[in-house]
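Have a look at the structure below, then the notes.
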Amino acid sequence: MNMMSETQTEALLSKYSDGQPAIKMRGRDVDVFYGTKQALFGVNLDINENEVTALIGPSGCGKSTFLRCLNRMNDTIDICSVRGEITLDNEDIYDPKIDVVELRARVGMVFQKPNPFPKSIFENVAYGPRIHGLARNKSALEEIVVNSLQKAGLFEEVKDRLNEPGTGLSGGQQQRLCIARAIAVSPEVILMDEPCSALDPIATAKVEELISELRANYTIVIVTHSMQQAARVSQKTAMFHLGNLIEYNDTDIIFTNPGNQKTQDYITGRFG
Amino acid sequence: MTGHTVSAFDDDLKFIKRKITEMGGRAESMVEQAIAALIKGDHALAESVIAQDIILDNLQFELDERVIIVIAKRQPMAADLREIIGALRMGSDLERVGDMGKNIAKRAKEITEFTHPKKLVRGLEHLTSLALEQLKDALDAYVNKDEAKAELVLSRDDAIDQVYTSLFRELLTYMMEDPRNITFCTQLLFCAKNIERIGDHATNLAEIIRYIVTGKSELSKHGTRPE
């Protein structure tokens, strides 16, 4: 019998002990600098598996910065440096051995503004699986595309025009297309940076409904400026202020009885 | 706590707070007057208490309307949410207190042909003063967001129950002594029960205030509501 490695054992233990959700990602003492300016100060935050974690806080508080650390999107910014430890399934994602492309397939991202490729709806979704070699043949690829569009709740609306450009869809549909594109490479974690801020309330409701459904299979981290949205979609909420994580708790508690005065002021609309 | 960035939200909260204090003041004075009418046999005063009930109902209506608008427009969170939901619940307790006053006033109109035995009157007055003190302290706790005072109110509910029980026994004794006492003793018994209920409403208010101030309710603290 193979001995399990220590990290594997730990992962299993944390997954099955006392009914607590397993920790999918873990941030420890995370500092982020843009040049000499420090944007995050020693953030310790656990992201539970199959839960939606909302990151809230006023503009410039560091919530998007933290989100972008989770799949090393900050690597794309030259002056940005990250210190501390961030793990995915107990594996340090900043380890030099880590393949960043593979990491971003495991930790997908959806942005504030829907950004479909200037290609057909089909190609938008097929692109990821193709470059990652996830489909053996054409029919397998088609299956992935249809599946992903279905999971993103978009398939029924676009099934007759898969070859039309993705950019021709409405804003809400484009955003769901981007979610389908993220799902297509079978990620484990989906990061969403204000995914609904450019959408109307109906499109927003559809995306929120989708987030709740996706939670069964994925771990989701969402940055949002809408307190109501955070309250509606997430199970855990983390409040950032001036680069510090100042409160983290069950969402139900944060929005009815937060422990920190700054959280209270922020969510009740008293911030100066 | 500092004001909201949207200052109209603060105006809404002030409005709601004012309505609760107005309702509290009105309910308190209705009960006071109803008992006075009962003890003095003052029909006119009793009539006036009955007439005041509609004022209290209107206050509650205004309160409810504003609460609904605030929830729809501002989606209150955290302390604001507790304040607003608390006010809604307090409003219905205070409206019930007014109903108790009205009920006592109606009975006061029924029983005037006898002179009350001193002892009964004193017992009733004592019970009333305890209940009104509870009500007043609960309202003070609300205005000052005073958790300690709310706890004090909660701790004193037993005293009212004890006085009520002893008054109940006395009334029974009078009834057994002379069946002609039964009618007015029954009326007094209902009045006493109403006052005891006012004490219960005061403890409800105190529980709500504790929730508004701390976010804690008995259910969340103990898992089940206490017996």
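Chain labels follow the order of the structure tokens: the first chain is A, the next B, and so on; residue numbering restarts at 1 in every chain, and ligands are counted from 1 in their shown order.
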DSSP alpha helix (DSSP H) residues within stretch 56-260 of chain A, as a VMD selection string: chain A and resid 63 to 69 100 to 106 121 to 131 138 to 151 155 to 158 171 to 183 201 to 214 227 to 233 251 to 256
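Applying a distance limit of 8 Å to only C-alpha atoms, the residues of chain B near chain A read Thr2, Gly3, His4, Thr5, Val6, Gln75, Pro76, Met77, Ala78, Ala79, Asp80, Leu81, Arg82, Thr214 and Gly215 of chain B.
On the backbone of this structure, DSSP gives strand (DSSP E) within stretch 188-247 of chain A to Val189, Ile190, Leu191, Met192, Asp193, Thr219, Ile220, Val221, Ile222, Val223, Lys236, Thr237, Ala238, Met239, Phe240, His241, Asn244, Leu245, Ile246 and Glu247 of chain A.
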Same residues, N, CA and C atoms, output as a compact mmCIF listing (two decimals), in the first residue's frame:
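File result-v9.txt, as written:
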```txt
# COMPACT_ATOMS: atom_id res chain seq x y z
N VAL A 189 -11.37 26.26 -8.98
CA VAL A 189 -11.74 27.51 -8.32
C VAL A 189 -12.09 28.53 -9.42
N ILE A 190 -13.14 29.31 -9.20
CA ILE A 190 -13.45 30.38 -10.15
C ILE A 190 -13.38 31.71 -9.40
N LEU A 191 -12.55 32.61 -9.91
CA LEU A 191 -12.44 33.94 -9.31
C LEU A 191 -13.31 34.89 -10.13
N MET A 192 -14.09 35.70 -9.45
CA MET A 192 -14.95 36.64 -10.17
C MET A 192 -14.71 38.04 -9.63
N ASP A 193 -14.32 38.93 -10.53
CA ASP A 193 -14.03 40.30 -10.11
C ASP A 193 -15.18 41.21 -10.54
N THR A 219 -15.29 25.96 -6.34
CA THR A 219 -15.08 26.89 -5.24
C THR A 219 -15.04 28.29 -5.86
N ILE A 220 -15.78 29.20 -5.29
CA ILE A 220 -15.90 30.51 -5.95
C ILE A 220 -15.46 31.63 -5.01
N VAL A 221 -14.68 32.54 -5.55
CA VAL A 221 -14.31 33.74 -4.80
C VAL A 221 -14.79 34.93 -5.62
N ILE A 222 -15.56 35.80 -5.00
CA ILE A 222 -16.14 36.90 -5.76
C ILE A 222 -15.84 38.24 -5.08
N VAL A 223 -15.39 39.18 -5.89
CA VAL A 223 -15.22 40.54 -5.39
C VAL A 223 -16.46 41.30 -5.83
N LYS A 236 -19.32 32.89 2.98
CA LYS A 236 -18.35 33.57 3.83
C LYS A 236 -18.08 34.94 3.24
N THR A 237 -17.81 35.88 4.11
CA THR A 237 -17.48 37.22 3.62
C THR A 237 -16.22 37.70 4.31
N ALA A 238 -15.34 38.30 3.50
CA ALA A 238 -14.10 38.87 4.03
C ALA A 238 -14.12 40.36 3.74
N MET A 239 -13.91 41.15 4.79
CA MET A 239 -13.94 42.61 4.63
C MET A 239 -12.50 43.14 4.65
N PHE A 240 -12.13 43.86 3.60
CA PHE A 240 -10.81 44.46 3.49
C PHE A 240 -10.90 45.95 3.71
N HIS A 241 -9.84 46.48 4.34
CA HIS A 241 -9.78 47.94 4.50
C HIS A 241 -8.32 48.36 4.52
N ASN A 244 -5.74 45.68 4.60
CA ASN A 244 -5.80 44.67 5.66
C ASN A 244 -7.11 43.91 5.60
N LEU A 245 -7.04 42.63 5.93
CA LEU A 245 -8.26 41.87 6.12
C LEU A 245 -8.74 42.19 7.53
N ILE A 246 -9.86 42.91 7.65
CA ILE A 246 -10.24 43.32 9.00
C ILE A 246 -11.34 42.45 9.61
N GLU A 247 -12.07 41.73 8.78
CA GLU A 247 -13.06 40.82 9.35
C GLU A 247 -13.38 39.72 8.36
```
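Ranking A:Lys151, A:Ala105, A:Ile47, A:Phe111 by their shortest atom-to-atom distance to A:Ala216, with only C-alpha atoms included, puts A:Lys151 first.
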Which polymer residues have any atom within 7 Å of an atom of stretch 188-196 of chain B, counting only C-alpha atoms, with same-chain residues fewer than 3 positions away left out, as a compact mmCIF listing (two decimals) with C-alpha atoms, in the first residue's frame?
```
# COMPACT_ATOMS: atom_id res chain seq x y z
CA MET B 100 -54.91 46.40 26.82
CA ILE B 104 -59.42 48.07 30.76
CA LEU B 124 -54.26 46.65 41.28
CA THR B 128 -50.06 48.68 37.38
CA ALA B 131 -46.02 47.05 34.69
CA ILE B 160 -45.21 41.11 38.21
CA ASP B 161 -46.28 37.51 37.91
CA TYR B 164 -50.69 39.08 39.73
CA PHE B 168 -55.84 36.59 41.63
CA PHE B 184 -67.02 42.96 39.41
CA CYS B 185 -64.28 40.63 40.63
CA GLY B 199 -45.58 43.36 31.68
CA ASP B 200 -45.05 40.56 29.15
```
Pairwise distance for atom CA of A:His132 and atom CA of A:Val101, rounded to one decimal in Å: 9.0 Å
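Straight-line separation from atom CA of A:Pro21 to atom CA of A:Phe41: 26.2 Å.
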Test item: residues at most 8 Å from A:Val207, only C-alpha atoms, excluding those fewer than 5 positions along its chain, as a PyMOL selection string: chain A and resi 172+176+196
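Proximity of A:Tyr94, A:Phe122, A:Glu143, A:Ala184 to A:Glu164, computed with only C-alpha atoms, is greatest for A:Phe122.
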Exercise: B:Gly98 partners within 12 Å, only C-alpha atoms, chain neighbours under 5 positions left out, as an mmCIF file with C-alpha atoms, in the first residue's frame:
```cif
data_model
loop_
_atom_site.group_PDB
_atom_site.id
_atom_site.type_symbol
_atom_site.label_atom_id
_atom_site.label_comp_id
_atom_site.auth_asym_id
_atom_site.auth_seq_id
_atom_site.Cartn_x
_atom_site.Cartn_y
_atom_site.Cartn_z
ATOM 1 C CA MET B 23 -46.314 55.092 20.464
ATOM 2 C CA GLY B 24 -44.641 54.223 23.762
ATOM 3 C CA GLY B 25 -45.754 57.483 25.386
ATOM 4 C CA ARG B 26 -49.281 57.100 24.088
ATOM 5 C CA ALA B 27 -49.588 53.467 25.181
ATOM 6 C CA GLU B 28 -48.227 54.310 28.626
ATOM 7 C CA SER B 29 -50.657 57.154 29.210
ATOM 8 C CA MET B 30 -53.606 55.112 27.918
ATOM 9 C CA VAL B 31 -52.908 52.421 30.498
ATOM 10 C CA GLU B 32 -52.433 54.974 33.265
ATOM 11 C CA GLN B 33 -55.675 56.717 32.419
ATOM 12 C CA ALA B 34 -57.584 53.461 32.016
ATOM 13 C CA VAL B 49 -58.917 56.200 26.528
ATOM 14 C CA ILE B 50 -61.072 54.199 24.130
ATOM 15 C CA ALA B 51 -60.978 57.090 21.663
ATOM 16 C CA GLN B 52 -57.179 57.309 21.847
ATOM 17 C CA ASP B 53 -56.733 53.815 20.496
ATOM 18 C CA ILE B 54 -57.169 54.991 16.928
ATOM 19 C CA ILE B 55 -54.311 57.479 17.418
ATOM 20 C CA LEU B 56 -52.029 54.668 18.475
ATOM 21 C CA ASP B 57 -53.166 52.558 15.523
ATOM 22 C CA ASN B 58 -52.385 55.441 13.184
ATOM 23 C CA LEU B 59 -48.913 55.822 14.661
ATOM 24 C CA GLN B 60 -48.276 52.152 14.066
ATOM 25 C CA GLY B 91 -44.577 48.748 17.133
ATOM 26 C CA SER B 92 -46.844 45.741 17.311
ATOM 27 C CA ASP B 93 -46.074 45.169 21.003
ATOM 28 C CA ASN B 103 -59.874 46.907 27.151
ATOM 29 C CA ILE B 104 -59.423 48.066 30.761
ATOM 30 C CA ALA B 105 -61.213 51.303 29.896
ATOM 31 C CA LEU B 135 -42.742 49.667 30.066
ATOM 32 C CA ASN B 194 -54.378 42.720 30.977
ATOM 33 C CA ILE B 195 -51.862 44.508 33.147
ATOM 34 C CA ARG B 197 -49.866 41.034 29.794
ATOM 35 C CA ILE B 198 -48.487 44.570 29.564
ATOM 36 C CA HIS B 201 -45.056 43.060 26.313
#
```
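Separating atom CA of A:Leu70 from atom CA of A:Ile183 is a distance of 16.7 Å.
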